[in-house]
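Report on the following structure.
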Amino acid sequence: MALAIFLRTAAALAVLTPTPALDVKQAADAMPMIIDTDIGIDIDDSWAIALSLLNPKFSVKLIVTASDFWPTLRRQTQVLADFLTRGHQKVPIGTGVTQERVEVPPNVNPQAIFTPESGFNLTSYAGPVYDDGVAAMVRVIREQQSLGRKTVLLAIAPFTNLAHALTVAPDIAKSTVVVAMGGSLAVGEGMSSGKFPEMNIKTNISAAQTVFKAPWAEFHLVPLDATANVQLKGPAYAKLLQSKTNASGGLLEALLHDYRYWATACPWANEGVSRAEPDIRSSDIYDAVAAFLSAELGTDSKRSSLDMVPLMLAVNESGFTEICNQSLEIGAAAAQHACSKWASPRPLSTAVGWRPWGRDHFDAYVDGLLLGSR
Ligand SMILES: [Ca+2]
C-alpha cells in the first residue's frame, strides 16, 4: 500500500466526533516529566517549556539542554535559566552532552544564541543546576521507577542526550514514556511534499537510530507532518498579546519578549511564508505540538486532536524516517537497510496529521495554559 493511501485510510478510520479532549484539571496525580530541549536556537522550545510547566497534568522534575553545536551548549543552559527566572520558576536544570564534533551548520552561528540575556549567570538561578544533565535525567527516571511510576520524557531536540542516557543506563527505557518531535513521513519543511531529513534527526543520525530502536515503555512521535506550518494566530494569538493579567507567573511575558528578540536576531526567522511576525502571529511552533501531544496522553483515540497511527519506523543513514510496516512496499535500498537494522521494536504512536477539530483544541490548550483559564 502506498504511503499516502495508508495514511489517508488511517485518517478516514477516525471517528469524526469533535468532543473537546483535554481536561487537565481532572488529572488526579501529576505525571513526572523531563524536558530535553535545544532552547535558544529556535523559539518553539520556549513555547513547549512554558506550556509544560503550566500544565497541572505534569510535574516537571528536570530540564536538560541538548545541542550538537558544542560551542553553544553551556550558553543554552544560561538561556534556559534566564527564561525560567523571568517566569519565576526554579525547576532543576542540567547541561547535556555533545557529539565529538566541532563543525557547525552554516546557518547557525556558534556565538549567537537567539534569545536575550545569554550571559545570565547560572549562580543566580534559584533552582539546582547540574553539570551532568544526562546523569540527572537517569537519576530522576530511576527515582520514579522505584516509586512504580513512569516518567514522561518530552524530547524536543536532537537525540544525543537520550542516546547517551540509554548507553549508560539502558534500564531507564522500560519506565520512560517518550514524546518526541522529529522526523518527516510525507511532509517536509514548509509543508513541502515528500519526506525530509528533519533537523532533530539529521543533526545526530546515529543517536536518533538508537533512540527509535530502544524498548521504551511508550514512544509517541510528532513529525513534520503534524508540526510544519502550525502557528498561533488570529484571536488565539491576539488574546496573548492583549493579556494584562494572567496566571503564567511571568512565563507568558518572558515568552513574548524572547519571541520579539528572536524575530530580529535569528536569520531564518524571517524566511518563508511562515516568517516570524510578533505583532500578528507566532512563528511555526513545532515543539509546542509535542507538548500538546503529551497533554493528550491517555485521551480516548476517538477524541484525540491528532491523527495517531501505529507505525514501525526506522531512521536511515541519511536521516530520513522510513516506515517499515509490512503492509507497505519497502522500495528503496536505503529503506530496506534501515528497516532491517534500525526498526522500532514495535509500532510507534505517530501523529500523521490533525483531526478536523484538532487545531481549535490546540489553540484552546495554548491560551488556556498561558492565560490561566484552563
Ligand atoms: Ca527544539
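Ligands are numbered from 1 in the order shown, chains are lettered A, B, ... in the order of the C-alpha cells, and residues start at 1 in each chain.
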Return as JSON, numbers by chain the full set of residues in region 84-316 of chain A whose backbone-based DSSP assignment is strand (DSSP E or B). {"A": [93, 94, 95, 129, 130, 151, 152, 153, 154, 155, 156, 176, 177, 178, 179, 180, 181, 187, 193, 218, 219, 220, 221, 222, 277, 281, 306, 307, 308, 309, 310, 311, 313, 314, 315]}
Selection as number ranges by chain: residues within 7 Å of ligand 1 by only C-alpha atoms and all ligand atoms: A: 37-39, 42, 44-45, 156-157, 287
Rank A:Tyr125, A:Ile141, A:Phe292, A:Val60 by their smallest atom-to-atom distance to Arg359 (chain A), using only C-alpha atoms, and report the top residue only.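 Closest to Arg359 (chain A), using only C-alpha atoms: A:Phe292.
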Excluding Tyr286 (chain A) and any residue of its chain fewer than 2 positions from it, enumerate the residues within 7 Å of it, using only C-alpha atoms, and give them as a PyMOL selection string. chain A and resi 44+227-228+230+284+288-289
CA of Ala135 (chain A) to CA of Ala81 (chain A), straight-line distance in Å: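 That distance, rounded to one decimal, is 18.7 Å.
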Just checking: using only C-alpha atoms, which residue out of A:Lys90, A:Lys61, A:Lys202, A:Arg149 ends up closest to Asp29 (chain A)?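 Of A:Lys90, A:Lys61, A:Lys202, A:Arg149, the one nearest Asp29 (chain A), counting only C-alpha atoms, is A:Arg149.
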Counting only C-alpha atoms, which residues in region 109-221 of chain A sit no more than 10 Å from region 300-319 of chain A? For each one, give the nearest pair of atoms and the distance in Å, sorted by chain then residue number, as a tab-separated table.
residue	atom	partner	partner_atom	distance
A:Gly183	CA	A:Gly319	CA	8.2
A:Ser184	CA	A:Gly319	CA	9.6
A:Leu185	CA	A:Leu313	CA	9.7
A:Phe196	CA	A:Gly319	CA	8.2
A:Pro197	CA	A:Gly319	CA	4.9
A:Glu198	CA	A:Gly319	CA	7.2
A:Met199	CA	A:Gly319	CA	8.5
A:Asn200	CA	A:Gly319	CA	9.3
A:Ile201	CA	A:Gly319	CA	5.9
A:Lys202	CA	A:Gly319	CA	4.7
A:Thr203	CA	A:Gly319	CA	8.3
A:Asn204	CA	A:Gly319	CA	8.4
A:Ile205	CA	A:Gly319	CA	5.6
A:Ser206	CA	A:Glu317	CA	8.0
A:Ala207	CA	A:Val315	CA	9.7
A:Ala208	CA	A:Val315	CA	6.8
A:Gln209	CA	A:Val315	CA	5.4
A:Thr210	CA	A:Val315	CA	9.1
A:Val211	CA	A:Val315	CA	9.7
A:Phe212	CA	A:Ala314	CA	6.6
A:Lys213	CA	A:Ala314	CA	7.4
A:His220	CA	A:Met308	CA	8.8
A:Leu221	CA	A:Met308	CA	9.0
Please save N, CA and C atoms of the selected residues as a PDB file, in the first residue's frame.
ATOM      1  N   GLY A 183      11.418  13.899  12.721  1.00  0.00           N
ATOM      2  CA  GLY A 183      11.127  13.072  11.563  1.00  0.00           C
ATOM      3  C   GLY A 183      10.160  13.713  10.583  1.00  0.00           C
ATOM      4  N   SER A 184       9.988  13.039   9.474  1.00  0.00           N
ATOM      5  CA  SER A 184       9.137  13.520   8.383  1.00  0.00           C
ATOM      6  C   SER A 184       8.738  12.306   7.555  1.00  0.00           C
ATOM      7  N   LEU A 185       7.436  12.104   7.364  1.00  0.00           N
ATOM      8  CA  LEU A 185       6.958  10.935   6.622  1.00  0.00           C
ATOM      9  C   LEU A 185       6.581  11.306   5.193  1.00  0.00           C
ATOM     10  N   PHE A 196      11.602  14.324   4.393  1.00  0.00           N
ATOM     11  CA  PHE A 196      12.654  15.325   4.540  1.00  0.00           C
ATOM     12  C   PHE A 196      13.527  14.894   5.715  1.00  0.00           C
ATOM     13  N   PRO A 197      14.833  15.049   5.629  1.00  0.00           N
ATOM     14  CA  PRO A 197      15.679  14.715   6.792  1.00  0.00           C
ATOM     15  C   PRO A 197      15.550  15.797   7.861  1.00  0.00           C
ATOM     16  N   GLU A 198      14.601  15.609   8.734  1.00  0.00           N
ATOM     17  CA  GLU A 198      14.236  16.636   9.733  1.00  0.00           C
ATOM     18  C   GLU A 198      15.420  16.901  10.674  1.00  0.00           C
ATOM     19  N   MET A 199      15.529  18.133  11.139  1.00  0.00           N
ATOM     20  CA  MET A 199      16.741  18.585  11.819  1.00  0.00           C
ATOM     21  C   MET A 199      17.060  17.823  13.116  1.00  0.00           C
ATOM     22  N   ASN A 200      16.054  17.540  13.945  1.00  0.00           N
ATOM     23  CA  ASN A 200      16.349  16.840  15.199  1.00  0.00           C
ATOM     24  C   ASN A 200      16.976  15.471  14.936  1.00  0.00           C
ATOM     25  N   ILE A 201      16.650  14.885  13.796  1.00  0.00           N
ATOM     26  CA  ILE A 201      17.217  13.581  13.459  1.00  0.00           C
ATOM     27  C   ILE A 201      18.527  13.742  12.706  1.00  0.00           C
ATOM     28  N   LYS A 202      18.534  14.639  11.726  1.00  0.00           N
ATOM     29  CA  LYS A 202      19.721  14.763  10.880  1.00  0.00           C
ATOM     30  C   LYS A 202      20.938  15.254  11.668  1.00  0.00           C
ATOM     31  N   THR A 203      20.698  16.043  12.703  1.00  0.00           N
ATOM     32  CA  THR A 203      21.814  16.581  13.492  1.00  0.00           C
ATOM     33  C   THR A 203      22.647  15.477  14.125  1.00  0.00           C
ATOM     34  N   ASN A 204      21.989  14.401  14.538  1.00  0.00           N
ATOM     35  CA  ASN A 204      22.742  13.274  15.108  1.00  0.00           C
ATOM     36  C   ASN A 204      22.000  11.989  14.725  1.00  0.00           C
ATOM     37  N   ILE A 205      22.300  11.512  13.540  1.00  0.00           N
ATOM     38  CA  ILE A 205      21.544  10.388  12.970  1.00  0.00           C
ATOM     39  C   ILE A 205      21.713   9.119  13.795  1.00  0.00           C
ATOM     40  N   SER A 206      22.930   8.824  14.212  1.00  0.00           N
ATOM     41  CA  SER A 206      23.128   7.573  14.961  1.00  0.00           C
ATOM     42  C   SER A 206      22.398   7.612  16.299  1.00  0.00           C
ATOM     43  N   ALA A 207      22.331   8.789  16.921  1.00  0.00           N
ATOM     44  CA  ALA A 207      21.581   8.910  18.178  1.00  0.00           C
ATOM     45  C   ALA A 207      20.097   8.655  17.934  1.00  0.00           C
ATOM     46  N   ALA A 208      19.573   9.216  16.846  1.00  0.00           N
ATOM     47  CA  ALA A 208      18.158   9.001  16.531  1.00  0.00           C
ATOM     48  C   ALA A 208      17.891   7.524  16.257  1.00  0.00           C
ATOM     49  N   GLN A 209      18.794   6.864  15.543  1.00  0.00           N
ATOM     50  CA  GLN A 209      18.628   5.426  15.269  1.00  0.00           C
ATOM     51  C   GLN A 209      18.556   4.644  16.588  1.00  0.00           C
ATOM     52  N   THR A 210      19.457   4.985  17.503  1.00  0.00           N
ATOM     53  CA  THR A 210      19.478   4.303  18.805  1.00  0.00           C
ATOM     54  C   THR A 210      18.180   4.524  19.568  1.00  0.00           C
ATOM     55  N   VAL A 211      17.708   5.750  19.553  1.00  0.00           N
ATOM     56  CA  VAL A 211      16.507   6.091  20.332  1.00  0.00           C
ATOM     57  C   VAL A 211      15.255   5.445  19.722  1.00  0.00           C
ATOM     58  N   PHE A 212      15.146   5.448  18.410  1.00  0.00           N
ATOM     59  CA  PHE A 212      13.963   4.840  17.775  1.00  0.00           C
ATOM     60  C   PHE A 212      13.928   3.329  18.016  1.00  0.00           C
ATOM     61  N   LYS A 213      15.070   2.725  18.152  1.00  0.00           N
ATOM     62  CA  LYS A 213      15.121   1.265  18.293  1.00  0.00           C
ATOM     63  C   LYS A 213      14.987   0.802  19.743  1.00  0.00           C
ATOM     64  N   HIS A 220       5.779   8.124  21.546  1.00  0.00           N
ATOM     65  CA  HIS A 220       4.820   8.897  20.745  1.00  0.00           C
ATOM     66  C   HIS A 220       5.620   9.926  19.947  1.00  0.00           C
ATOM     67  N   LEU A 221       5.385   9.976  18.659  1.00  0.00           N
ATOM     68  CA  LEU A 221       6.190  10.837  17.783  1.00  0.00           C
ATOM     69  C   LEU A 221       5.303  11.825  17.044  1.00  0.00           C
TER      70      LEU A 221
END
Quick check for you: according to DSSP on this backbone, which residues of region 35-212 of chain A are classed as alpha helix (DSSP H)? Reply as JSON, numbers by chain. {"A": [44, 45, 46, 47, 48, 49, 50, 51, 52, 53, 54, 73, 74, 75, 76, 77, 78, 79, 80, 81, 82, 83, 84, 85, 86, 133, 134, 135, 136, 137, 138, 139, 140, 141, 142, 143, 144, 145, 146, 160, 161, 162, 163, 164, 165, 166, 167, 168, 199, 200, 201, 202, 205, 206, 207, 208, 209, 210, 211, 212]}
CA of Val222 (chain A) to CA of Leu369 (chain A): how many Å, to one decimal?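 Interatomic distance here is 20.6 Å.
When only C-alpha atoms are used to measure the gap to Gly87 (chain A), the shortest distance among A:Ser344, A:Val64, A:Leu51, A:Ala254 belongs to A:Ala254.
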Suppose you want the space between CA of Asp360 (chain A) and CA of Lys244 (chain A); what is it in Å?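 Straight-line distance from CA of Asp360 (chain A) to CA of Lys244 (chain A) works out to 23.2 Å.
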Compile the contact shell of Arg142 (chain A) as a PyMOL selection string: residues with an atom at most 12 Å away, counting only C-alpha atoms, same-chain residues fewer than 5 positions apart removed. chain A and resi 32+135-137+147-151+165+169-176
Excluding same-chain residues fewer than 3 positions from Leu53 (chain A), what lies within 10 Å of it counting only C-alpha atoms, as a PyMOL selection string? chain A and resi 33+35+48-50+56-61+84+87+89+91+248+251+369
Using only C-alpha atoms, determine which residues lie at most 12 Å from Asp258 (chain A), disregarding the query and same-chain residues fewer than 2 positions distant; provide the list as number ranges by chain. A: 39-47, 79-80, 82-84, 86-87, 113-118, 251-256, 260-266, 278, 282
With distances taken over only C-alpha atoms, the candidate from A:Val177, A:Leu122, A:Leu54, A:Leu297 nearest Thr77 (chain A) is A:Leu122
